[in-house]
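Undergrad: Next up, input39.cif (mmCIF, C-alpha atoms and all ligand atoms).
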data_data
#
loop_
_atom_site.label_atom_id
_atom_site.label_comp_id
_atom_site.auth_asym_id
_atom_site.auth_seq_id
_atom_site.Cartn_x
_atom_site.Cartn_y
_atom_site.Cartn_z
CA MET W 1 -28.76 2.96 -18.69
CA ALA W 2 -26.79 1.93 -15.62
CA LYS W 3 -28.20 -1.08 -13.77
CA PRO W 4 -29.51 -0.46 -10.22
CA VAL W 5 -27.11 -1.53 -7.45
CA SER W 6 -28.00 -2.91 -4.00
CA ILE W 7 -27.41 -0.50 -1.14
CA GLU W 8 -27.74 -0.36 2.65
CA VAL W 9 -28.84 3.01 4.07
CA TRP W 10 -27.89 4.53 7.41
CA ASN W 11 -29.52 7.70 8.78
CA PRO W 12 -31.97 8.15 5.87
CA ASN W 13 -32.85 11.74 6.83
CA GLY W 14 -29.25 12.99 6.87
CA LYS W 15 -28.63 16.25 4.98
CA TYR W 16 -25.50 15.15 3.09
CA ARG W 17 -25.49 12.00 0.96
CA VAL W 18 -22.22 10.05 1.26
CA VAL W 19 -21.78 6.82 -0.70
CA SER W 20 -19.29 4.05 0.05
CA THR W 21 -18.74 1.71 -2.88
CA LYS W 22 -18.00 -1.17 -0.45
CA PRO W 23 -18.83 -2.18 3.10
CA MET W 24 -15.75 -1.26 5.18
CA PRO W 25 -14.51 -2.70 8.52
CA GLY W 26 -15.70 -1.22 11.82
CA THR W 27 -18.55 1.16 12.61
CA ARG W 28 -16.67 4.27 13.74
CA TRP W 29 -16.53 5.62 10.20
CA ILE W 30 -20.31 5.28 9.84
CA ASN W 31 -21.00 6.85 13.24
CA LEU W 32 -18.70 9.81 12.55
CA LEU W 33 -20.58 10.55 9.33
CA ILE W 34 -24.02 10.12 10.91
CA GLU W 35 -23.10 12.42 13.83
CA GLN W 36 -22.39 15.14 11.26
CA ASP W 37 -25.77 14.82 9.52
CA CYS W 38 -24.80 12.50 6.68
CA ARG W 39 -27.04 9.90 5.09
CA VAL W 40 -24.65 6.99 4.47
CA GLU W 41 -25.30 4.61 1.58
CA ILE W 42 -23.16 1.49 1.33
CA CYS W 43 -23.09 -0.60 -1.83
CA ILE W 44 -23.67 -4.25 -0.88
CA GLN W 45 -23.74 -5.60 -4.43
CA LYS W 46 -22.13 -9.08 -4.59
CA LYS W 47 -19.51 -8.05 -7.12
CA THR W 48 -15.88 -7.60 -6.11
CA ILE W 49 -14.86 -4.93 -8.62
CA LEU W 50 -17.48 -2.32 -9.51
CA SER W 51 -17.50 -0.97 -13.07
CA VAL W 52 -17.68 2.72 -13.94
CA GLU W 53 -21.30 2.10 -14.90
CA ASP W 54 -22.10 0.60 -11.47
CA ILE W 55 -20.53 3.60 -9.75
CA LEU W 56 -22.41 6.07 -11.97
CA ALA W 57 -25.63 4.42 -10.77
CA LEU W 58 -24.47 4.77 -7.16
CA ILE W 59 -23.63 8.46 -7.58
CA GLY W 60 -27.06 9.23 -9.01
CA ASP W 61 -28.40 12.81 -9.21
CA LYS W 62 -27.41 14.04 -5.76
CA CYS W 63 -24.25 12.96 -4.01
CA ASP W 64 -21.99 15.01 -1.72
CA GLY W 65 -19.09 12.61 -1.49
CA VAL W 66 -17.88 9.09 -2.27
CA ILE W 67 -15.53 6.68 -0.50
CA GLY W 68 -14.10 4.32 -3.12
CA GLN W 69 -11.66 1.46 -3.54
CA LEU W 70 -8.31 1.01 -5.30
CA THR W 71 -9.88 -1.51 -7.71
CA GLU W 72 -12.08 1.21 -9.25
CA ASP W 73 -11.28 3.42 -12.22
CA TRP W 74 -11.76 6.98 -10.95
CA GLY W 75 -11.28 9.09 -14.07
CA GLU W 76 -12.95 11.88 -16.05
CA THR W 77 -16.33 10.09 -16.35
CA LEU W 78 -16.84 9.54 -12.63
CA PHE W 79 -15.52 12.93 -11.51
CA ALA W 80 -17.73 14.71 -14.07
CA ALA W 81 -20.75 12.74 -12.77
CA LEU W 82 -19.86 13.38 -9.12
CA SER W 83 -19.49 17.09 -9.79
CA ARG W 84 -22.88 17.19 -11.64
CA ALA W 85 -24.43 15.52 -8.59
CA GLY W 86 -23.04 18.32 -6.38
CA GLY W 87 -20.16 16.19 -5.06
CA LYS W 88 -17.19 17.87 -3.39
CA ALA W 89 -15.02 14.98 -2.30
CA PHE W 90 -13.79 11.50 -3.11
CA SER W 91 -11.50 9.40 -0.94
CA ASN W 92 -9.75 6.18 -1.81
CA MET W 93 -9.67 3.73 1.07
CA ALA W 94 -5.95 3.28 0.37
CA VAL W 95 -2.75 5.27 0.55
CA GLY W 96 -1.91 4.51 -3.10
CA TYR W 97 -4.06 6.38 -5.59
CA ASN W 98 -2.74 5.32 -8.99
CA ASN W 99 -6.35 4.33 -9.85
CA VAL W 100 -7.38 7.99 -9.56
CA ASP W 101 -6.96 10.68 -12.21
CA VAL W 102 -6.20 13.50 -9.80
CA ASN W 103 -6.02 16.10 -12.60
CA ALA W 104 -9.55 15.19 -13.70
CA ALA W 105 -10.78 15.47 -10.11
CA THR W 106 -9.13 18.87 -9.73
CA LYS W 107 -10.67 20.04 -13.01
CA TYR W 108 -14.13 19.28 -11.57
CA GLY W 109 -13.29 20.80 -8.19
CA VAL W 110 -13.42 17.46 -6.40
CA ALA W 111 -10.99 16.89 -3.51
CA VAL W 112 -9.18 13.53 -3.52
CA GLY W 113 -8.30 11.85 -0.23
CA ASN W 114 -6.07 8.90 0.67
CA THR W 115 -5.21 7.08 3.91
CA PRO W 116 -1.49 7.40 4.78
CA GLY W 117 0.24 6.27 7.95
CA VAL W 118 -2.38 3.98 9.45
CA LEU W 119 -1.20 1.12 7.24
CA THR W 120 2.55 1.71 7.39
CA GLU W 121 3.50 -0.90 10.01
CA THR W 122 0.91 -3.47 8.91
CA THR W 123 2.12 -3.32 5.31
CA ALA W 124 5.78 -3.45 6.36
CA GLU W 125 5.01 -6.50 8.54
CA LEU W 126 3.59 -8.35 5.53
CA ALA W 127 6.69 -7.46 3.50
CA ALA W 128 8.80 -8.83 6.37
CA SER W 129 6.60 -11.97 6.48
CA LEU W 130 7.09 -12.52 2.76
CA SER W 131 10.83 -11.97 3.15
CA LEU W 132 10.96 -14.76 5.74
CA ALA W 133 8.58 -17.04 3.86
CA ALA W 134 10.62 -16.72 0.67
CA SER W 135 14.06 -16.94 2.27
CA ARG W 136 13.16 -19.99 4.43
CA ARG W 137 10.88 -21.63 1.82
CA ILE W 138 7.99 -21.84 4.28
CA VAL W 139 5.19 -22.38 1.73
CA GLU W 140 7.06 -25.11 -0.17
CA ALA W 141 7.85 -26.88 3.11
CA ASP W 142 4.24 -26.58 4.32
CA GLU W 143 2.94 -28.14 1.08
CA PHE W 144 5.51 -30.92 1.42
CA MET W 145 4.34 -31.76 4.97
CA ARG W 146 0.64 -31.74 4.04
CA ALA W 147 1.35 -33.99 1.06
CA GLY W 148 2.73 -36.60 3.51
CA LEU W 149 6.20 -36.45 1.92
CA TYR W 150 8.22 -35.93 5.11
CA ASP W 151 10.00 -39.13 6.07
CA GLY W 152 12.79 -37.76 8.26
CA TRP W 153 15.37 -34.99 8.79
CA LEU W 154 17.88 -34.58 5.97
CA PRO W 155 20.89 -32.27 5.64
CA HIS W 156 19.62 -30.88 2.33
CA LEU W 157 15.91 -30.58 3.08
CA PHE W 158 14.53 -27.10 2.22
CA VAL W 159 17.79 -25.28 2.71
CA GLY W 160 17.22 -21.52 2.35
CA ASN W 161 19.02 -18.22 3.06
CA LEU W 162 20.24 -16.82 6.37
CA LEU W 163 19.27 -13.15 6.80
CA LYS W 164 21.55 -12.14 9.70
CA GLY W 165 24.46 -10.03 8.53
CA GLN W 166 23.18 -9.95 4.93
CA THR W 167 22.16 -6.77 3.10
CA VAL W 168 18.57 -5.62 2.77
CA GLY W 169 17.83 -3.35 -0.19
CA VAL W 170 14.87 -0.99 -0.18
CA ILE W 171 13.61 0.73 -3.32
CA GLY W 172 11.39 3.62 -2.20
CA ALA W 173 12.33 4.40 1.41
CA GLY W 174 9.20 6.39 2.27
CA ARG W 175 6.86 5.56 5.16
CA ILE W 176 6.46 1.84 4.43
CA GLY W 177 9.93 1.24 2.97
CA SER W 178 11.56 2.81 6.04
CA ALA W 179 9.36 0.84 8.47
CA TYR W 180 10.23 -2.39 6.63
CA ALA W 181 13.94 -1.52 6.68
CA ARG W 182 13.83 -0.99 10.46
CA MET W 183 12.13 -4.35 10.98
CA MET W 184 14.75 -6.20 8.98
CA ILE W 185 17.63 -4.29 10.60
CA GLU W 186 16.37 -4.59 14.18
CA GLY W 187 15.06 -8.12 13.76
CA PHE W 188 17.83 -9.70 11.74
CA LYS W 189 20.78 -7.32 12.07
CA MET W 190 20.87 -6.76 8.32
CA ASN W 191 22.84 -3.95 6.70
CA LEU W 192 20.87 -1.44 4.63
CA ILE W 193 21.26 -0.13 1.11
CA TYR W 194 18.42 2.00 -0.22
CA TYR W 195 17.42 3.98 -3.29
CA ASP W 196 14.94 6.83 -3.20
CA LEU W 197 14.65 10.20 -4.92
CA TYR W 198 14.91 11.79 -1.46
CA GLN W 199 17.25 11.19 1.44
CA ALA W 200 15.71 9.06 4.22
CA THR W 201 17.37 11.05 6.99
CA ARG W 202 15.42 9.57 9.92
CA LEU W 203 16.11 6.05 8.73
CA GLU W 204 19.82 6.78 8.32
CA LYS W 205 20.00 8.25 11.85
CA PHE W 206 18.22 5.21 13.24
CA VAL W 207 20.65 2.75 11.62
CA THR W 208 23.65 4.79 12.77
CA ALA W 209 22.35 4.81 16.36
CA TYR W 210 21.42 1.12 16.29
CA GLY W 211 24.83 0.25 14.87
CA ALA W 212 26.49 2.17 17.73
CA PHE W 213 24.27 0.35 20.25
CA LEU W 214 25.24 -3.05 18.84
CA LYS W 215 28.92 -2.11 18.85
CA ALA W 216 28.72 -0.96 22.46
CA ASN W 217 27.29 -4.39 23.29
CA GLY W 218 30.12 -6.21 21.60
CA GLU W 219 28.13 -7.14 18.49
CA GLN W 220 28.85 -6.51 14.84
CA PRO W 221 27.35 -3.06 14.03
CA VAL W 222 24.82 -2.65 11.20
CA THR W 223 25.56 -0.16 8.42
CA TRP W 224 23.62 1.91 5.88
CA LYS W 225 24.27 3.26 2.40
CA ARG W 226 22.18 5.52 0.19
CA ALA W 227 22.73 4.21 -3.34
CA SER W 228 23.17 6.65 -6.20
CA SER W 229 21.25 4.35 -8.56
CA MET W 230 18.75 1.56 -8.28
CA ASP W 231 21.19 -0.82 -9.98
CA GLU W 232 23.62 -0.40 -7.10
CA VAL W 233 20.93 -1.76 -4.76
CA LEU W 234 20.11 -4.61 -7.11
CA ARG W 235 23.77 -5.61 -7.40
CA GLU W 236 24.57 -5.49 -3.67
CA ALA W 237 21.46 -6.58 -1.78
CA ASP W 238 20.50 -10.10 -0.74
CA VAL W 239 16.86 -9.20 -0.08
CA ILE W 240 15.23 -6.41 -2.11
CA SER W 241 11.86 -4.96 -1.19
CA LEU W 242 9.90 -2.59 -3.45
CA HIS W 243 7.98 0.27 -1.82
CA PRO W 244 7.73 3.18 -4.28
CA VAL W 245 4.51 4.77 -5.52
CA LEU W 246 3.35 3.54 -8.93
CA ASP W 247 3.74 6.24 -11.57
CA LYS W 248 5.44 6.71 -14.95
CA THR W 249 8.88 6.58 -13.32
CA THR W 250 8.31 3.27 -11.54
CA TYR W 251 6.33 1.31 -14.16
CA HIS W 252 8.35 -1.89 -14.89
CA LEU W 253 11.18 -0.61 -12.72
CA ILE W 254 12.01 -4.30 -12.31
CA ASN W 255 12.36 -5.82 -15.79
CA LYS W 256 14.48 -8.37 -17.65
CA ASP W 257 17.64 -6.24 -17.34
CA SER W 258 17.22 -5.31 -13.70
CA LEU W 259 16.46 -8.93 -12.78
CA ALA W 260 19.68 -9.97 -14.49
CA THR W 261 21.54 -7.45 -12.32
CA MET W 262 20.45 -9.12 -9.07
CA LYS W 263 22.33 -11.90 -7.30
CA LYS W 264 21.33 -15.40 -8.45
CA GLU W 265 20.08 -16.25 -4.95
CA ALA W 266 18.46 -12.90 -4.17
CA ILE W 267 14.98 -12.53 -2.67
CA LEU W 268 12.63 -9.97 -4.26
CA ILE W 269 9.55 -8.69 -2.41
CA ASN W 270 6.77 -6.56 -3.90
CA CYS W 271 4.12 -5.03 -1.64
CA SER W 272 3.82 -1.80 -3.66
CA ARG W 273 1.88 -2.13 -6.93
CA GLY W 274 2.00 -4.98 -9.47
CA PRO W 275 3.06 -2.95 -12.53
CA VAL W 276 6.30 -1.91 -10.78
CA VAL W 277 7.47 -5.39 -11.87
CA ASP W 278 7.38 -6.75 -15.44
CA GLU W 279 5.69 -9.99 -14.40
CA VAL W 280 6.33 -11.83 -17.69
CA ALA W 281 10.06 -11.17 -17.31
CA LEU W 282 9.85 -12.22 -13.66
CA VAL W 283 8.27 -15.60 -14.51
CA GLU W 284 11.04 -16.26 -17.03
CA HIS W 285 13.70 -15.26 -14.49
CA LEU W 286 12.18 -17.57 -11.85
CA LYS W 287 12.25 -20.44 -14.35
CA GLN W 288 15.89 -19.85 -15.25
CA ASN W 289 17.07 -19.24 -11.67
CA PRO W 290 15.56 -21.74 -9.23
CA MET W 291 17.47 -20.28 -6.27
CA PHE W 292 16.05 -16.77 -6.91
CA ARG W 293 12.86 -16.31 -4.89
CA VAL W 294 10.03 -13.80 -4.75
CA GLY W 295 7.28 -12.83 -2.33
CA LEU W 296 4.42 -11.03 -4.06
CA ASP W 297 1.38 -9.30 -2.57
CA VAL W 298 0.51 -7.41 -5.77
CA PHE W 299 0.27 -8.42 -9.44
CA GLU W 300 0.47 -6.69 -12.76
CA ASP W 301 -3.09 -7.57 -13.89
CA GLU W 302 -4.90 -8.03 -10.59
CA PRO W 303 -6.75 -10.19 -9.80
CA TYR W 304 -4.89 -12.36 -12.36
CA MET W 305 -1.35 -13.71 -12.37
CA LYS W 306 0.69 -13.90 -15.56
CA PRO W 307 0.84 -17.41 -17.05
CA GLY W 308 3.34 -19.65 -15.31
CA LEU W 309 3.63 -17.73 -12.03
CA ALA W 310 1.24 -20.00 -10.10
CA GLU W 311 3.40 -23.03 -10.96
CA MET W 312 6.65 -21.52 -9.71
CA LYS W 313 7.83 -23.15 -6.46
CA ASN W 314 10.21 -20.24 -5.87
CA ALA W 315 7.34 -17.72 -5.63
CA VAL W 316 5.21 -17.00 -2.56
CA VAL W 317 1.99 -15.27 -3.63
CA VAL W 318 -0.75 -13.68 -1.51
CA PRO W 319 -3.84 -11.68 -2.63
CA HIS W 320 -3.04 -7.99 -1.92
CA ILE W 321 -3.44 -8.34 1.86
CA ALA W 322 -0.52 -6.23 3.06
CA SER W 323 -2.72 -3.72 4.92
CA ALA W 324 -5.12 -6.39 6.19
CA SER W 325 -4.98 -6.07 9.97
CA LYS W 326 -8.21 -5.20 11.80
CA TRP W 327 -6.87 -2.01 13.39
CA THR W 328 -5.45 -0.77 10.12
CA ARG W 329 -8.48 -1.53 7.97
CA GLU W 330 -10.81 0.17 10.48
CA GLY W 331 -8.44 3.11 10.59
CA MET W 332 -8.32 3.34 6.79
CA ALA W 333 -12.13 3.46 6.73
CA THR W 334 -12.10 6.22 9.36
CA LEU W 335 -9.52 8.33 7.51
CA ALA W 336 -11.36 7.92 4.20
CA ALA W 337 -14.69 8.95 5.78
CA LEU W 338 -13.09 11.95 7.51
CA ASN W 339 -11.46 13.09 4.26
CA VAL W 340 -14.88 13.26 2.63
CA LEU W 341 -16.64 14.69 5.68
CA GLY W 342 -14.01 17.40 6.19
CA LYS W 343 -14.44 18.69 2.64
CA ILE W 344 -18.24 18.58 2.81
CA LYS W 345 -18.16 20.57 6.07
CA GLY W 346 -15.66 23.07 4.70
CA TYR W 347 -12.93 22.16 7.20
CA PRO W 348 -9.27 22.87 6.36
CA VAL W 349 -6.81 20.14 5.42
CA TRP W 350 -4.61 18.61 8.14
CA GLY W 351 -1.12 20.11 8.03
CA ASP W 352 0.92 16.88 8.08
CA PRO W 353 -0.43 13.69 6.46
CA ASN W 354 2.41 11.76 8.11
CA ARG W 355 0.86 12.46 11.54
CA VAL W 356 -2.70 11.24 11.32
CA GLU W 357 -2.87 9.60 14.82
CA PRO W 358 -5.28 12.22 16.27
CA PHE W 359 -7.92 11.06 13.77
CA LEU W 360 -7.56 7.45 14.92
CA ASN W 361 -8.04 8.00 18.65
CA GLU W 362 -11.38 6.38 19.43
CA ASN W 363 -11.62 8.10 22.82
CA ALA W 364 -11.59 11.66 21.52
CA PRO W 365 -13.43 13.46 18.71
CA PRO W 366 -11.30 13.75 15.55
CA PRO W 367 -9.81 17.14 14.61
CA ALA W 368 -12.04 19.32 12.43
CA ALA W 369 -9.95 18.74 9.29
CA SER W 370 -9.56 16.35 6.37
CA PRO W 371 -6.62 14.08 7.27
CA SER W 372 -5.10 13.81 3.79
CA LEU W 373 -6.22 15.43 0.53
CA VAL W 374 -3.68 14.95 -2.23
CA ASN W 375 -4.91 17.81 -4.44
CA ALA W 376 -5.43 20.30 -1.62
CA LYS W 377 -2.80 22.67 -3.00
CA ALA W 378 -4.12 22.49 -6.57
CA LEU W 379 -7.61 23.31 -5.25
CA GLY W 380 -6.26 26.14 -3.08
CA LEU W 381 -7.70 24.63 0.12
CA PRO W 382 -6.63 26.09 3.49
CA THR W 383 -4.39 24.07 5.81
CA SER W 384 -5.13 23.51 9.47
CA LYS W 385 -2.59 24.56 12.11
CA LEU W 386 -1.37 21.50 14.02
N1 LIG D 401 0.20 -3.97 -0.98
C1 LIG D 401 -0.56 -3.17 -0.24
O1 LIG D 401 -1.59 -3.56 0.30
C2 LIG D 401 -0.15 -1.76 -0.04
C3 LIG D 401 0.56 -1.11 -1.01
N2 LIG D 401 0.94 0.21 -0.81
C4 LIG D 401 1.73 0.85 -1.87
O2 LIG D 401 2.92 1.37 -1.27
C5 LIG D 401 3.18 2.66 -1.79
C6 LIG D 401 4.05 3.44 -0.84
O3 LIG D 401 3.32 3.86 0.30
P1 LIG D 401 3.97 4.85 1.38
O4 LIG D 401 5.26 4.30 1.88
O5 LIG D 401 2.94 5.21 2.37
O6 LIG D 401 4.28 6.10 0.46
P2 LIG D 401 5.45 7.18 0.57
O7 LIG D 401 5.03 8.30 -0.32
O8 LIG D 401 5.74 7.47 1.99
O9 LIG D 401 6.72 6.43 -0.05
C7 LIG D 401 6.95 6.25 -1.41
C8 LIG D 401 8.41 6.52 -1.69
O10 LIG D 401 8.69 6.18 -3.03
C9 LIG D 401 9.67 7.08 -3.48
N3 LIG D 401 9.76 7.09 -4.93
C10 LIG D 401 8.92 7.68 -5.82
N4 LIG D 401 9.35 7.48 -7.07
C11 LIG D 401 10.48 6.74 -6.97
C12 LIG D 401 11.40 6.22 -7.92
N5 LIG D 401 11.24 6.43 -9.22
N6 LIG D 401 12.43 5.50 -7.47
C13 LIG D 401 12.60 5.29 -6.14
N7 LIG D 401 11.78 5.77 -5.20
C14 LIG D 401 10.74 6.49 -5.62
C15 LIG D 401 9.23 8.41 -2.89
O11 LIG D 401 10.26 9.37 -2.89
C16 LIG D 401 8.81 7.98 -1.50
O12 LIG D 401 9.85 8.09 -0.55
C17 LIG D 401 1.78 3.24 -2.04
O13 LIG D 401 1.79 4.25 -3.01
C18 LIG D 401 0.99 2.03 -2.49
O14 LIG D 401 1.00 1.91 -3.89
C19 LIG D 401 0.62 0.86 0.32
C20 LIG D 401 -0.09 0.25 1.30
C21 LIG D 401 -0.55 -1.10 1.21
O1 LIG D 402 -3.39 1.38 0.65
C1 LIG D 402 -3.01 0.87 -0.41
O2 LIG D 402 -2.42 1.53 -1.27
C2 LIG D 402 -3.27 -0.55 -0.66
O3 LIG D 402 -2.76 -1.12 -1.59
C3 LIG D 402 -4.16 -1.29 0.24
O4 LIG D 402 -4.00 -0.98 1.53
#
Turn the structure described in the file into structure tokens.
TA:
Amino acid sequence: MAKPVSIEVWNPNGKYRVVSTKPMPGTRWINLLIEQDCRVEICIQKKTILSVEDILALIGDKCDGVIGQLTEDWGETLFAALSRAGGKAFSNMAVGYNNVDVNAATKYGVAVGNTPGVLTETTAELAASLSLAASRRIVEADEFMRAGLYDGWLPHLFVGNLLKGQTVGVIGAGRIGSAYARMMIEGFKMNLIYYDLYQATRLEKFVTAYGAFLKANGEQPVTWKRASSMDEVLREADVISLHPVLDKTTYHLINKDSLATMKKEAILINCSRGPVVDEVALVEHLKQNPMFRVGLDVFEDEPYMKPGLAEMKNAVVVPHIASASKWTREGMATLAALNVLGKIKGYPVWGDPNRVEPFLNENAPPPAASPSLVNAKALGLPTSKL
């Protein structure tokens, strides 16, 4: 028997029962659901990661939709239970959905939502922050100051890497990878090399135009190159940032061999998913190459780090906070709630998940659509005209 979980209830007489497995930032998401006759139940259990058993208890006998988190294991068991309870929709409060078995959801007729776009710039900004922190050894230097070790300027004190004119490498030049690339190119005049399965045409056009602008102003123009293999990026780039989805093709994309391919003084950033990097191999590489540095937002066995990583001075580590700006987190909550609401109300699916701004405008009602359902096609759901 599943244990009871603590919940907070909004609009108890609402017709549709929507459960959120966590309190989420802002109130717009709650108000939008209430306005459309939903009873909203929010799990307030003091437990960071809910088990499948906890979530089964939350779903109960009647549940129309659930908003869940990337820490939860949404597989066959939960989708079968949600479907038995009359559920039509689940949305992750995240753009990544590697914690969700989409095939199982489709089998039970449950739509799966995610939250693209609203976190693109915020996540790219954290990747840029980690790039700076790692290249200029900010965390090491901060610890040194606080320990009272600073006794005067020295020519060799915390010497790091200059970014200007160096090459930034992006693996996975989708929404976030492209936004990060632009920040590093505009901010630090870096040249770009990227690897993706698809051509990042808009990014290429941007770098070409920016290069022409710099040249016209008498500055060294920036350049871009689409690499034909990931290894080409690893060999040539001075800073490498990982932004692909996590799937079978990207699991341990960075491993002992690929680490050995990188420059000895390269900077590696991971704000995608932990298992994209073989963390045991990374710890060993950091030990052997003190001038190689990493900035990590995600870890292979979250919330844990592999043994040895916490002791490495050449690693900057933060707890999966890349999308943690107020505007973004409130927007993620709104998109997740609207994904679930749209399916419950029988609305079509928004035609372009890369253009979700109309759903985030607080001064106008959101479009009558689900902003982003990843199995819409498999479920044969209609698409809204933009
Ligand atoms: N650390 C954090 O808090 C956050 C992490 N993320 C992670 O970032 C990922 C990317 O998000 P978006 O940019 O919005 O997604 P996106 O779908 O726009 O971009 C992903 C890119 O990866 C590329 N890709 C897929 N397989 C590849 C492979 N084998 N090699 C190279 N490239 C490959 C795709 O073609 C695509 O261009 C999410 O799936 C999520 O896991 C996203 C937001 C916040
Ligand atoms: O959205 C995601 O995929 C995250 O990792 C958290 O924002």
Undergrad: How would you report the residues lying within 8 Å of ligand LIG 401 (chain D), as an MDAnalysis selection string, if you count only C-alpha atoms and all ligand atoms?
TA: chainID W and resid 94:98 116:117 119:120 123 171:178 195:198 200 230 243:247 249:250 253 270:273 297:298 320:324
Undergrad: For Cys43 (chain W), which residue among W:Val222, W:Leu56, W:Ala227, W:Val19 is the nearest when counting all atoms listed in the file?
TA: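 Nearest to Cys43 (chain W): W:Val19.
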Undergrad: Nearest to Asp54 (chain W) among W:Leu70, W:Asp37, W:Ala85, W:Lys22, with distances taken over all atoms listed in the file: which residue is it?
TA: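 Using all atoms listed in the file, Asp54 (chain W) sits closest to W:Lys22.
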Undergrad: When distances are computed from all atoms listed in the file, which of W:Gly165, W:Gly342, W:Gly380, W:Pro371 shows the smallest separation from Gly187 (chain W)?
TA: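 Ranking W:Gly165, W:Gly342, W:Gly380, W:Pro371 by distance to Gly187 (chain W), first place goes to W:Gly165.
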Undergrad: Would you mind telling me which residue in W:Asn375, W:Thr48, W:Gln69, W:Thr27 lies nearest to ligand LIG 402 (chain D) when using all atoms listed in the file?
TA: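 Closest residue, counting all atoms listed in the file: W:Gln69.
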Undergrad: My list of candidates is W:Leu296, W:Leu78, W:Leu381, W:Val207. Which is closest to Val66 (chain W) when distances are computed with all atoms listed in the file?
TA: W:Leu78
Undergrad: Return as JSON the centre and edge lengths, in Å with one decimal, of the box along x, y and z that encloses every atom of ligand LIG 402 (chain D) in the file, padded by 3 Å per side.
TA:
{"center_x": -3.3, "center_y": 0.1, "center_z": 0.0, "size_x": 7.7, "size_y": 8.8, "size_z": 9.1}
Undergrad: Quick one: residues within 10 Å of Ala378 (chain W), all atoms listed in the file, excluding same-chain residues fewer than 3 positions away - as a PyMOL selection string?
TA: chain W and resi 102-103+106-107+109+111+374-375+381
Undergrad: Please determine, counting all atoms listed in the file, which residue among W:Val170, W:Met291, W:Leu373, W:Val9 has the shortest atom-to-atom distance to Glu232 (chain W).
TA: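 Between W:Val170, W:Met291, W:Leu373, W:Val9, the residue approaching Glu232 (chain W) most closely is W:Val170.
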Undergrad: So the first atom is CA of Thr261 (chain W) and the second is CA of Glu302 (chain W); what is the distance between them in Å, to one decimal place?
TA: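 CA of Thr261 (chain W) sits 26.5 Å away from CA of Glu302 (chain W).
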Undergrad: For Asn255 (chain W), please output as a ChimeraX atom specification all residues within 10 Å (counting only C-alpha atoms; exclusion window: fewer than 5 positions along the same chain).
TA: /W:260-261,276-282,285
Undergrad: Just the number, please: distance in Å from CA of Gly65 (chain W) to CA of Ile42 (chain W), one decimal.
TA: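 The value is 12.2 Å.
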Undergrad: Which neighbours of Met312 (chain W) fall inside 12 Å, counting all atoms listed in the file, when residues of the same chain fewer than 6 positions from it are skipped, and could you give them as a short mmCIF file (atom, residue, chain, number, x, y, z; two decimals) with C-alpha atoms, in the frame of the given file?
TA:
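New file part-v4.cif:
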data_model
loop_
_atom_site.label_atom_id
_atom_site.label_comp_id
_atom_site.auth_asym_id
_atom_site.auth_seq_id
_atom_site.Cartn_x
_atom_site.Cartn_y
_atom_site.Cartn_z
CA VAL W 139 5.19 -22.38 1.73
CA GLU W 140 7.06 -25.11 -0.17
CA LEU W 282 9.85 -12.22 -13.66
CA VAL W 283 8.27 -15.60 -14.51
CA GLU W 284 11.04 -16.26 -17.03
CA HIS W 285 13.70 -15.26 -14.49
CA LEU W 286 12.18 -17.57 -11.85
CA LYS W 287 12.25 -20.44 -14.35
CA GLN W 288 15.89 -19.85 -15.25
CA ASN W 289 17.07 -19.24 -11.67
CA PRO W 290 15.56 -21.74 -9.23
CA MET W 291 17.47 -20.28 -6.27
CA PHE W 292 16.05 -16.77 -6.91
CA ARG W 293 12.86 -16.31 -4.89
CA VAL W 294 10.03 -13.80 -4.75
CA GLY W 295 7.28 -12.83 -2.33
CA MET W 305 -1.35 -13.71 -12.37
CA LYS W 306 0.69 -13.90 -15.56
#
Undergrad: So what do you get for CA of Ser51 (chain W) versus CA of Met24 (chain W), distance-wise?
TA: 18.3 Å
Undergrad: For Trp327 (chain W), work out the shell of residues within 10 Å, counting all atoms listed in the file and skipping chain neighbours fewer than 2 positions away, then give it as a list in words.
TA: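 After dropping sequence-adjacent residues, the list is Pro25, Gly26, Val118, Leu119, Thr122, Ser323, Ala324, Ser325, Arg329, Glu330, Gly331, Met332 and Leu360 of chain W.
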Undergrad: Considering all atoms listed in the file, return as a list in words whatever protein or nucleic-acid residues lie within 7 Å of Val168 (chain W), sequence-local ones (same chain, fewer than 2 positions apart) excluded.
TA: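 Neighbouring residues, sequence-local ones excluded: Gln166, Val170, Met190, Asn191, Leu192, Ile193, Ala237, Asp238, Val239 and Ile240 of chain W.
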Undergrad: Would you list the residues near (-14.3, 7.3, -2.8) (no more than 8 Å away, in the coordinates of the file, using only C-alpha atoms) as a ChimeraX atom specification?
TA: /W:19-21,65-69,89-93,113,336
Undergrad: Please write as a PyMOL selection string the list of polymer residues whose atoms come within 12 Å of (-11.3, 14.5, 8.3), counting only C-alpha atoms and keeping to the coordinates of the file.
TA: chain W and resi 29+32-33+36+89+91+113-115+331-351+353+356-360+365-373+384
